[in-house]
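Undergrad: So I've got this file, model33.pdb, and it contains PDB, C-alpha atoms:
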```
MODEL        1
ATOM      1  CA  MET A1306      70.007-152.954  73.436
ATOM      2  CA  SER A1307      69.615-150.317  70.743
ATOM      3  CA  TYR A1308      73.324-150.521  69.902
ATOM      4  CA  PHE A1309      73.082-154.307  69.618
ATOM      5  CA  LEU A1310      70.080-154.069  67.271
ATOM      6  CA  LEU A1311      71.761-151.355  65.212
ATOM      7  CA  ARG A1312      74.908-153.417  64.783
ATOM      8  CA  ARG A1313      73.018-156.581  63.915
ATOM      9  CA  THR A1314      70.808-154.695  61.454
ATOM     10  CA  PHE A1315      73.837-153.130  59.779
ATOM     11  CA  SER A1316      75.459-156.558  59.488
ATOM     12  CA  PHE A1317      72.205-157.954  58.057
ATOM     13  CA  VAL A1318      71.930-155.252  55.386
ATOM     14  CA  LEU A1319      75.628-155.507  54.489
ATOM     15  CA  THR A1320      75.329-159.278  54.112
ATOM     16  CA  LEU A1321      72.346-158.876  51.805
ATOM     17  CA  LEU A1322      74.296-156.424  49.646
ATOM     18  CA  VAL A1323      77.247-158.804  49.400
ATOM     19  CA  VAL A1324      74.917-161.682  48.527
ATOM     20  CA  SER A1325      73.192-159.599  45.856
ATOM     21  CA  ALA A1326      76.568-158.715  44.333
ATOM     22  CA  VAL A1327      77.593-162.386  44.263
ATOM     23  CA  VAL A1328      74.290-163.472  42.704
ATOM     24  CA  PHE A1329      74.488-160.744  40.067
ATOM     25  CA  ALA A1330      78.121-161.580  39.315
ATOM     26  CA  VAL A1331      77.429-165.277  38.873
ATOM     27  CA  MET A1332      74.543-164.560  36.491
ATOM     28  CA  ASN A1333      76.091-161.708  34.508
ATOM     29  CA  ILE A1334      79.875-161.443  34.818
ATOM     30  CA  LEU A1335      81.135-165.010  34.535
ATOM     31  CA  PRO A1336      82.220-166.138  31.031
ATOM     32  CA  GLY A1337      79.348-166.633  28.635
ATOM     33  CA  ASP A1338      76.704-164.572  26.885
ATOM     34  CA  PRO A1339      73.419-164.408  28.866
ATOM     35  CA  ALA A1340      71.517-163.648  25.662
ATOM     36  CA  LEU A1341      73.001-166.706  23.971
ATOM     37  CA  THR A1342      72.189-168.775  27.075
ATOM     38  CA  ILE A1343      68.547-167.694  26.928
ATOM     39  CA  LEU A1344      67.964-167.991  23.166
ATOM     40  CA  GLY A1345      70.236-170.942  22.434
ATOM     41  CA  MET A1346      72.940-171.596  19.865
ATOM     42  CA  ASP A1347      70.549-171.348  16.918
ATOM     43  CA  ALA A1348      69.567-167.736  17.611
ATOM     44  CA  THR A1349      70.221-165.133  14.917
ATOM     45  CA  GLU A1350      72.457-162.131  15.502
ATOM     46  CA  ASP A1351      69.482-159.778  15.232
ATOM     47  CA  ALA A1352      67.594-161.694  17.924
ATOM     48  CA  LEU A1353      70.670-161.730  20.160
ATOM     49  CA  ALA A1354      71.216-158.001  19.686
ATOM     50  CA  ALA A1355      67.566-157.258  20.472
ATOM     51  CA  LEU A1356      67.661-159.330  23.657
ATOM     52  CA  ARG A1357      70.936-157.755  24.772
ATOM     53  CA  GLU A1358      69.294-154.356  24.358
ATOM     54  CA  GLU A1359      66.176-155.501  26.249
ATOM     55  CA  LEU A1360      68.268-156.832  29.142
ATOM     56  CA  ALA A1361      70.572-153.778  29.070
ATOM     57  CA  LEU A1362      73.562-156.069  28.578
ATOM     58  CA  ASN A1363      75.331-153.361  26.612
ATOM     59  CA  ASP A1364      75.457-151.077  29.667
ATOM     60  CA  PRO A1365      78.423-151.128  32.084
ATOM     61  CA  VAL A1366      78.248-153.940  34.669
ATOM     62  CA  LEU A1367      78.128-151.573  37.658
ATOM     63  CA  THR A1368      75.276-149.596  36.103
ATOM     64  CA  ARG A1369      73.309-152.777  35.480
ATOM     65  CA  TYR A1370      73.883-153.939  39.054
ATOM     66  CA  VAL A1371      72.728-150.646  40.571
ATOM     67  CA  HIS A1372      69.626-150.633  38.373
ATOM     68  CA  TRP A1373      68.873-154.251  39.258
ATOM     69  CA  VAL A1374      69.132-153.610  43.001
ATOM     70  CA  TRP A1375      67.101-150.410  42.769
ATOM     71  CA  ASP A1376      64.359-152.089  40.744
ATOM     72  CA  ALA A1377      64.332-155.111  43.091
ATOM     73  CA  LEU A1378      63.821-152.835  46.103
ATOM     74  CA  HIS A1379      60.728-151.514  44.323
ATOM     75  CA  GLY A1380      59.423-155.001  43.518
ATOM     76  CA  ASP A1381      60.541-155.032  39.876
ATOM     77  CA  PHE A1382      62.523-158.178  39.031
ATOM     78  CA  GLY A1383      62.047-157.925  35.294
ATOM     79  CA  ILE A1384      59.934-159.921  32.876
ATOM     80  CA  SER A1385      60.050-163.717  32.743
ATOM     81  CA  HIS A1386      61.094-164.820  29.264
ATOM     82  CA  SER A1387      59.401-168.211  29.571
ATOM     83  CA  PHE A1388      56.101-167.050  31.132
ATOM     84  CA  ARG A1389      56.055-163.522  29.622
ATOM     85  CA  VAL A1390      54.776-161.980  32.879
ATOM     86  CA  PRO A1391      56.556-159.954  35.576
ATOM     87  CA  VAL A1392      58.745-162.150  37.774
ATOM     88  CA  PHE A1393      57.302-160.432  40.839
ATOM     89  CA  ASP A1394      53.830-161.718  39.945
ATOM     90  CA  LEU A1395      55.171-165.268  39.632
ATOM     91  CA  VAL A1396      56.850-165.019  43.036
ATOM     92  CA  VAL A1397      53.735-163.618  44.717
ATOM     93  CA  GLU A1398      51.623-166.378  43.187
ATOM     94  CA  ARG A1399      53.901-169.242  44.251
ATOM     95  CA  LEU A1400      55.422-167.985  47.498
ATOM     96  CA  PRO A1401      52.461-168.869  49.808
ATOM     97  CA  LEU A1402      52.683-172.568  48.959
ATOM     98  CA  THR A1403      56.439-172.740  49.547
ATOM     99  CA  ILE A1404      56.215-170.825  52.841
ATOM    100  CA  SER A1405      53.275-172.993  53.970
ATOM    101  CA  LEU A1406      55.280-176.130  53.222
ATOM    102  CA  ALA A1407      58.399-174.823  54.969
ATOM    103  CA  VAL A1408      56.512-173.592  58.056
ATOM    104  CA  SER A1409      54.507-176.807  58.435
ATOM    105  CA  GLY A1410      57.723-178.790  58.020
ATOM    106  CA  MET A1411      59.451-176.663  60.651
ATOM    107  CA  VAL A1412      56.601-177.041  63.155
ATOM    108  CA  PHE A1413      56.549-180.806  62.666
ATOM    109  CA  THR A1414      60.352-180.928  62.948
ATOM    110  CA  VAL A1415      60.479-178.969  66.218
ATOM    111  CA  ILE A1416      57.664-180.907  67.903
ATOM    112  CA  LEU A1417      59.030-184.317  66.932
ATOM    113  CA  ALA A1418      62.680-183.483  67.596
ATOM    114  CA  LEU A1419      62.098-181.897  71.020
ATOM    115  CA  ALA A1420      59.982-184.831  72.143
ATOM    116  CA  LEU A1421      62.539-187.395  70.941
ATOM    117  CA  GLY A1422      65.590-185.443  72.100
ATOM    118  CA  ILE A1423      64.315-184.688  75.605
ATOM    119  CA  GLY A1424      62.981-188.236  75.925
ATOM    120  CA  ALA A1425      66.347-189.683  74.910
ATOM    121  CA  ALA A1426      68.185-187.442  77.382
ATOM    122  CA  ALA A1427      65.794-188.422  80.181
ATOM    123  CA  ASN A1428      66.460-192.107  79.431
ATOM    124  CA  HIS A1429      70.204-191.785  78.898
ATOM    125  CA  ARG A1430      71.905-195.116  78.144
ATOM    126  CA  LYS A1431      68.597-196.955  78.187
ATOM    127  CA  PRO A1432      66.776-198.693  75.312
ATOM    128  CA  GLY A1433      64.719-195.565  74.587
ATOM    129  CA  ASP A1434      67.892-193.504  74.182
ATOM    130  CA  TRP A1435      69.501-196.119  71.926
ATOM    131  CA  GLY A1436      66.349-196.344  69.825
ATOM    132  CA  VAL A1437      66.221-192.581  69.254
ATOM    133  CA  MET A1438      69.898-192.488  68.338
ATOM    134  CA  PHE A1439      69.458-195.359  65.866
ATOM    135  CA  LEU A1440      66.422-193.765  64.229
ATOM    136  CA  SER A1441      68.099-190.359  64.055
ATOM    137  CA  GLN A1442      71.192-191.842  62.438
ATOM    138  CA  LEU A1443      68.952-193.607  59.933
ATOM    139  CA  GLY A1444      67.064-190.367  59.253
ATOM    140  CA  ILE A1445      70.277-188.453  58.597
ATOM    141  CA  ALA A1446      71.446-191.105  56.129
ATOM    142  CA  VAL A1447      68.213-191.209  54.088
ATOM    143  CA  PRO A1448      68.007-188.624  51.238
ATOM    144  CA  ALA A1449      64.818-186.548  51.284
ATOM    145  CA  PHE A1450      63.918-187.320  47.662
ATOM    146  CA  TRP A1451      64.239-191.088  48.235
ATOM    147  CA  LEU A1452      62.143-190.839  51.376
ATOM    148  CA  SER A1453      59.558-188.914  49.344
ATOM    149  CA  LEU A1454      59.317-191.743  46.819
ATOM    150  CA  LEU A1455      58.909-194.307  49.609
ATOM    151  CA  LEU A1456      56.128-192.278  51.205
ATOM    152  CA  VAL A1457      54.334-191.953  47.878
ATOM    153  CA  MET A1458      54.599-195.685  47.216
ATOM    154  CA  LEU A1459      53.274-196.575  50.682
ATOM    155  CA  PHE A1460      50.617-193.977  51.497
ATOM    156  CA  ALA A1461      49.504-192.955  47.986
ATOM    157  CA  VAL A1462      49.970-196.006  45.756
ATOM    158  CA  LYS A1463      49.508-198.942  48.159
ATOM    159  CA  LEU A1464      47.251-197.605  50.934
ATOM    160  CA  ARG A1465      45.619-194.808  48.887
ATOM    161  CA  TRP A1466      45.262-192.620  51.969
ATOM    162  CA  LEU A1467      46.824-189.477  50.500
ATOM    163  CA  PRO A1468      47.297-187.985  47.014
ATOM    164  CA  PRO A1469      50.627-188.793  45.320
ATOM    165  CA  GLY A1470      51.201-185.210  44.187
ATOM    166  CA  GLY A1471      49.740-182.035  42.803
ATOM    167  CA  PHE A1472      48.017-179.224  44.657
ATOM    168  CA  PRO A1473      44.280-178.464  44.299
ATOM    169  CA  GLY A1474      44.523-174.913  45.674
ATOM    170  CA  TRP A1475      43.239-173.383  48.891
ATOM    171  CA  SER A1476      39.600-173.271  47.766
ATOM    172  CA  ASP A1477      39.202-176.688  49.433
ATOM    173  CA  PRO A1478      41.303-176.445  52.644
ATOM    174  CA  TRP A1479      41.001-180.129  53.547
ATOM    175  CA  GLU A1480      42.203-181.323  50.142
ATOM    176  CA  ALA A1481      45.018-178.742  50.258
ATOM    177  CA  ILE A1482      46.139-179.998  53.667
ATOM    178  CA  LYS A1483      46.031-183.614  52.473
ATOM    179  CA  ALA A1484      48.202-182.674  49.489
ATOM    180  CA  LEU A1485      50.823-181.153  51.814
ATOM    181  CA  ILE A1486      51.016-183.978  54.363
ATOM    182  CA  LEU A1487      53.464-186.216  52.490
ATOM    183  CA  PRO A1488      55.757-183.340  51.373
ATOM    184  CA  THR A1489      55.781-181.993  54.939
ATOM    185  CA  VAL A1490      56.714-185.365  56.398
ATOM    186  CA  ALA A1491      59.397-185.896  53.754
ATOM    187  CA  LEU A1492      60.917-182.506  54.560
ATOM    188  CA  ALA A1493      60.630-182.807  58.332
ATOM    189  CA  LEU A1494      61.813-186.348  59.080
ATOM    190  CA  VAL A1495      65.373-185.767  57.886
ATOM    191  CA  GLN A1496      65.628-182.436  59.729
ATOM    192  CA  SER A1497      64.056-183.955  62.863
ATOM    193  CA  ALA A1498      66.823-186.530  63.006
ATOM    194  CA  VAL A1499      69.480-183.805  63.163
ATOM    195  CA  LEU A1500      67.598-181.640  65.667
ATOM    196  CA  ALA A1501      66.796-184.586  67.940
ATOM    197  CA  ARG A1502      70.500-185.398  68.320
ATOM    198  CA  VAL A1503      71.356-181.766  69.062
ATOM    199  CA  THR A1504      68.501-181.525  71.585
ATOM    200  CA  ARG A1505      69.658-184.689  73.335
ATOM    201  CA  SER A1506      73.280-183.520  73.574
ATOM    202  CA  SER A1507      72.320-180.044  74.808
ATOM    203  CA  ALA A1508      69.855-181.436  77.352
ATOM    204  CA  LEU A1509      72.408-183.913  78.700
ATOM    205  CA  GLU A1510      74.910-181.110  79.180
ATOM    206  CA  VAL A1511      72.394-179.045  81.161
ATOM    207  CA  MET A1512      71.238-182.034  83.226
ATOM    208  CA  ARG A1513      74.749-182.384  84.652
ATOM    209  CA  LEU A1514      74.685-178.864  86.157
ATOM    210  CA  ASP A1515      74.264-178.224  89.880
ATOM    211  CA  TYR A1516      70.936-176.393  89.765
ATOM    212  CA  ILE A1517      69.292-179.363  88.032
ATOM    213  CA  ARG A1518      70.443-181.660  90.819
ATOM    214  CA  THR A1519      69.133-179.096  93.299
ATOM    215  CA  ALA A1520      65.742-179.037  91.560
ATOM    216  CA  ARG A1521      65.556-182.810  91.778
ATOM    217  CA  ALA A1522      66.571-182.747  95.457
ATOM    218  CA  MET A1523      63.750-180.277  96.161
ATOM    219  CA  GLY A1524      61.258-182.876  94.999
ATOM    220  CA  PHE A1525      60.205-181.384  91.656
ATOM    221  CA  SER A1526      58.623-183.900  89.300
ATOM    222  CA  ARG A1527      60.689-185.341  86.496
ATOM    223  CA  ARG A1528      58.489-183.702  83.861
ATOM    224  CA  ARG A1529      58.805-180.265  85.489
ATOM    225  CA  VAL A1530      62.581-180.560  85.718
ATOM    226  CA  LEU A1531      62.855-181.549  82.061
ATOM    227  CA  TRP A1532      60.467-179.024  80.507
ATOM    228  CA  ARG A1533      60.729-176.086  82.947
ATOM    229  CA  HIS A1534      64.440-176.181  83.808
ATOM    230  CA  VAL A1535      66.396-178.335  81.348
ATOM    231  CA  LEU A1536      64.828-177.347  78.013
ATOM    232  CA  PRO A1537      64.834-173.515  78.479
ATOM    233  CA  ASN A1538      68.522-173.597  79.397
ATOM    234  CA  ALA A1539      69.386-175.893  76.490
ATOM    235  CA  LEU A1540      67.786-173.692  73.833
ATOM    236  CA  ILE A1541      70.835-171.799  72.514
ATOM    237  CA  PRO A1542      72.256-174.633  70.348
ATOM    238  CA  ILE A1543      68.720-175.793  69.534
ATOM    239  CA  VAL A1544      67.710-172.352  68.232
ATOM    240  CA  THR A1545      70.894-172.221  66.162
ATOM    241  CA  ILE A1546      70.020-175.476  64.418
ATOM    242  CA  VAL A1547      66.353-174.479  64.021
ATOM    243  CA  GLY A1548      67.361-171.265  62.240
ATOM    244  CA  MET A1549      69.655-173.149  59.887
ATOM    245  CA  GLN A1550      67.040-175.830  59.320
ATOM    246  CA  PHE A1551      64.307-173.361  58.388
ATOM    247  CA  ALA A1552      66.585-172.000  55.681
ATOM    248  CA  ALA A1553      67.344-175.594  54.630
ATOM    249  CA  LEU A1554      63.634-176.411  54.544
ATOM    250  CA  VAL A1555      62.885-173.443  52.282
ATOM    251  CA  THR A1556      65.674-174.309  49.865
ATOM    252  CA  GLY A1557      64.860-178.025  50.200
ATOM    253  CA  THR A1558      61.476-177.379  48.647
ATOM    254  CA  ILE A1559      63.257-177.191  45.281
ATOM    255  CA  VAL A1560      63.584-180.987  45.346
ATOM    256  CA  ILE A1561      60.393-181.839  47.246
ATOM    257  CA  GLU A1562      58.123-179.657  45.099
ATOM    258  CA  ASN A1563      59.407-181.336  41.953
ATOM    259  CA  VAL A1564      58.929-184.812  43.415
ATOM    260  CA  PHE A1565      55.335-184.042  44.445
ATOM    261  CA  TYR A1566      54.603-181.733  41.503
ATOM    262  CA  LEU A1567      53.725-178.749  43.705
ATOM    263  CA  PRO A1568      53.448-175.297  42.042
ATOM    264  CA  GLY A1569      55.728-173.442  44.459
ATOM    265  CA  LEU A1570      58.964-171.498  44.167
ATOM    266  CA  GLY A1571      61.022-174.697  44.105
ATOM    267  CA  ARG A1572      59.284-175.943  40.975
ATOM    268  CA  LEU A1573      59.374-172.438  39.486
ATOM    269  CA  ILE A1574      63.151-172.154  39.784
ATOM    270  CA  PHE A1575      63.544-175.651  38.289
ATOM    271  CA  GLN A1576      61.367-174.660  35.329
ATOM    272  CA  SER A1577      63.211-171.351  34.952
ATOM    273  CA  ILE A1578      66.582-173.082  34.816
ATOM    274  CA  ALA A1579      65.279-175.578  32.266
ATOM    275  CA  ASN A1580      63.886-172.728  30.142
ATOM    276  CA  ARG A1581      67.039-170.602  30.578
ATOM    277  CA  ASP A1582      64.896-167.817  32.038
ATOM    278  CA  LEU A1583      67.704-165.604  33.402
ATOM    279  CA  PRO A1584      65.579-162.868  35.103
ATOM    280  CA  SER A1585      63.501-165.472  36.969
ATOM    281  CA  VAL A1586      66.522-167.533  38.035
ATOM    282  CA  GLN A1587      68.361-164.434  39.214
ATOM    283  CA  ALA A1588      65.391-163.197  41.262
ATOM    284  CA  LEU A1589      64.644-166.610  42.790
ATOM    285  CA  VAL A1590      68.256-167.318  43.751
ATOM    286  CA  MET A1591      68.397-163.913  45.432
ATOM    287  CA  LEU A1592      65.105-164.602  47.218
ATOM    288  CA  PHE A1593      66.291-167.946  48.584
ATOM    289  CA  ALA A1594      69.573-166.358  49.675
ATOM    290  CA  ALA A1595      67.677-163.530  51.391
ATOM    291  CA  ILE A1596      65.554-166.066  53.279
ATOM    292  CA  VAL A1597      68.711-167.790  54.551
ATOM    293  CA  VAL A1598      70.291-164.488  55.661
ATOM    294  CA  THR A1599      67.046-163.378  57.304
ATOM    295  CA  ALA A1600      66.776-166.657  59.200
ATOM    296  CA  ASN A1601      70.292-166.136  60.593
ATOM    297  CA  PHE A1602      69.403-162.560  61.563
ATOM    298  CA  VAL A1603      66.305-163.733  63.450
ATOM    299  CA  VAL A1604      68.386-166.383  65.242
ATOM    300  CA  ASP A1605      70.790-163.658  66.425
ATOM    301  CA  LEU A1606      67.875-161.738  67.909
ATOM    302  CA  LEU A1607      66.447-164.857  69.538
ATOM    303  CA  TYR A1608      69.770-165.493  71.267
ATOM    304  CA  VAL A1609      69.354-162.291  73.270
ATOM    305  CA  ALA A1610      65.700-163.011  74.007
ATOM    306  CA  ILE A1611      66.661-166.429  75.401
ATOM    307  CA  ASP A1612      69.795-165.321  77.265
ATOM    308  CA  PRO A1613      70.199-161.518  77.729
ATOM    309  CA  ARG A1614      73.752-162.076  78.996
ATOM    310  CA  LEU A1615      74.822-162.677  75.385
ATOM    311  CA  LYS A1616      74.090-159.041  74.559
ATOM    312  CA  ALA A1617      76.937-157.859  76.746
ATOM    313  CA  ARG A1618      79.350-160.305  75.127
ATOM    314  CA  SER A1619      78.395-159.415  71.554
TER     315      SER A1619
ENDMDL
END
```
For the structure just supplied, provide its representation as structure tokens.
TA:
Amino acid sequence: MSYFLLRRTFSFVLTLLVVSAVVFAVMNILPGDPALTILGMDATEDALAALREELALNDPVLTRYVHWVWDALHGDFGISHSFRVPVFDLVVERLPLTISLAVSGMVFTVILALALGIGAAANHRKPGDWGVMFLSQLGIAVPAFWLSLLLVMLFAVKLRWLPPGGFPGWSDPWEAIKALILPTVALALVQSAVLARVTRSSALEVMRLDYIRTARAMGFSRRRVLWRHVLPNALIPIVTIVGMQFAALVTGTIVIENVFYLPGLGRLIFQSIANRDLPSVQALVMLFAAIVVTANFVVDLLYVAIDPRLKARS
């Protein structure tokens, strides 16, 4: 077990290093002057020279990369040129909202998808199964931002049940939860459609195995067979999709937060790109990439927890 963890941890760290090198290269090595990108075409030579000195653009690329990684490990991502505060402070301020939105979306996705997927598998080739497959296909085809607009028009504009956007802060928990309901649903419905289909397929494959027929022959209830025997043995592909979807939910907040005007990391990176705030964009892209890599690392560990036999094959 220790060797497995050591190897997976080494792969995780190496992947993060490669990702950091790619992010830094895209922002600093590709053709173009970062200082000119930040200040614009009307900037004077003196202003460009001063900014190049401030960003250490005159240093060798490898030296800048090493300094950037070292500073990032110590929580120093530089100063935001548009907000004039440390980027780390901006991330700390906005991260809780984005994580709350992603986690709530993931919980809603898993609950809805497991219920629909297992229900469809239990009613294979019946109207319930066909209905779930139709709805899931429809959910996959609908873009999240368009679904967001429909939800706002229905529940905020027409019915006036929920706020159309904005976030009042956590000082009033009920108002904060109400503000996150529509974004959570918009994020989760599309992902639920994908996960429901995977759950159905995986459950159907397990239901054809001999020990499931034996469990039924022993007189176990249908519910016990489905939730105690079918679902635990169908979790490997489900966990794979859940790990990928959590990363997709976090990065998907870039669109959803701008639709609902939520002050999270998604809106921050949009504002940073619009303001040509290179240090903020670089830090946020690296953060989103790190979340994706971390999600994959956690999925690898969950594989072994679900099925220890995989450890010997890895």
Undergrad: If I take CA of Thr1489 in chain A and CA of Arg1399 in chain A, how far is one from the other in Å, to one decimal?
TA: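 For CA of Thr1489 in chain A relative to CA of Arg1399 in chain A, the distance reads 16.7 Å.
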Undergrad: Within 7 Å of range 1414-1424 of chain A, counting all atoms listed in the file, which residues show up once you throw out same-chain ones fewer than 2 positions away? Write them as a list in words, please.
TA: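 Skipping anything fewer than 2 positions along the chain leaves Gly1410, Met1411, Val1412, Ala1426, Ala1427, Asn1428, Val1437, Ala1493, Leu1494, Gln1496, Ser1497, Ala1498, Leu1500, Ala1501, Arg1502, Thr1504, Arg1505 and Ala1508 of chain A.
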Undergrad: Calculated over only C-alpha atoms, which of the candidates A:Phe1472, A:Phe1525, A:Trp1375, A:Trp1435 has the smallest distance to Asn1563 in chain A?
TA: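 Comparing A:Phe1472, A:Phe1525, A:Trp1375, A:Trp1435 against Asn1563 in chain A, the winner is A:Phe1472.
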Undergrad: Grab the CA of Arg1357 in chain A to CA of Ala1326 in chain A distance for me, in Å with one decimal place.
TA: 20.4 Å
Undergrad: Can you work out which one of A:Trp1451, A:Phe1393, A:Tyr1516, A:Phe1602 has the shortest atom-to-atom distance to Asn1538 in chain A, counting only C-alpha atoms?
TA: A:Tyr1516
Undergrad: Can you list, as a ChimeraX atom specification, every protein, DNA or RNA residue that comes within 12 Å of Ala1340 in chain A when you count all atoms listed in the file, leaving out same-chain residues fewer than 5 positions away?
TA: /A:1332-1333,1345-1363,1386,1581-1584
Undergrad: When you draw a straight line from CA of Gly1471 in chain A to CA of Ala1553 in chain A, how long is it in Å?
TA: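 So the answer is 22.2 Å.
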Undergrad: Can you list, as a list in words, every protein, DNA or RNA residue that comes within 10 Å of Pro1448 in chain A when you count only C-alpha atoms, leaving out same-chain residues fewer than 4 positions away?
TA: Gly1444, Leu1452, Ser1453, Ala1491, Leu1492 and Val1495 of chain A
Undergrad: Mind working out the centre and edge lengths of an axis-aligned box for range 1407-1419 of chain A, all listed atoms inside, 8 Å added to each side, rounded to one decimal in Å and written as AutoDock Vina command-line options?
TA:
```
--center_x 58.6 --center_y -179.0 --center_z 63.0 --size_x 24.2 --size_y 26.7 --size_z 32.1
```
Undergrad: Once the PyMOL selection byres ((chain A and resi 1394-1397) around 12) has been applied to the shown file, what residues remain in the selection, as a PyMOL selection string?
TA: chain A and resi 1380-1393+1398-1404+1568-1574+1577+1584-1586+1588-1593
Undergrad: Tell me which of A:Ala1461, A:Leu1378, A:Leu1367, A:Ile1561 sits closest to Leu1321 in chain A, counting all atoms listed in the file.
TA: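 Ranking A:Ala1461, A:Leu1378, A:Leu1367, A:Ile1561 by distance to Leu1321 in chain A, first place goes to A:Leu1378.
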Undergrad: A:Ser1316, A:Ser1506, A:Lys1463, A:Val1366: which is nearest Ala1330 in chain A, counting all atoms listed in the file?
TA: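 Of the candidates, the smallest distance to Ala1330 in chain A is held by A:Val1366.
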Undergrad: Starting from the PyMOL selection byres ((chain A and resi 1325) around 9), expand the selection into actual residues of this file and give them as a list of chain:residue names.
TA: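 Written out, the selection comes to A:Thr1320, A:Leu1321, A:Leu1322, A:Val1323, A:Val1324, A:Ala1326, A:Val1327, A:Val1328, A:Phe1329, A:Ala1330, A:Tyr1370, A:Val1374, A:Met1591, A:Ala1594, A:Ala1595.
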Undergrad: If the PyMOL selection byres ((chain A and resi 1467) around 9) is run on the structure shown, which residues does it catch, given as a tab-separated table (two decimals) with C-alpha atoms, in the frame of the given file?
TA:
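What follows is the written file expr.tsv:
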```tsv
chain	number	residue	atom	x	y	z
A	1457	VAL	CA	54.33	-191.95	47.88
A	1460	PHE	CA	50.62	-193.98	51.50
A	1461	ALA	CA	49.50	-192.96	47.99
A	1462	VAL	CA	49.97	-196.01	45.76
A	1464	LEU	CA	47.25	-197.60	50.93
A	1465	ARG	CA	45.62	-194.81	48.89
A	1466	TRP	CA	45.26	-192.62	51.97
A	1468	PRO	CA	47.30	-187.98	47.01
A	1469	PRO	CA	50.63	-188.79	45.32
A	1470	GLY	CA	51.20	-185.21	44.19
A	1483	LYS	CA	46.03	-183.61	52.47
A	1484	ALA	CA	48.20	-182.67	49.49
A	1486	ILE	CA	51.02	-183.98	54.36
A	1487	LEU	CA	53.46	-186.22	52.49
```
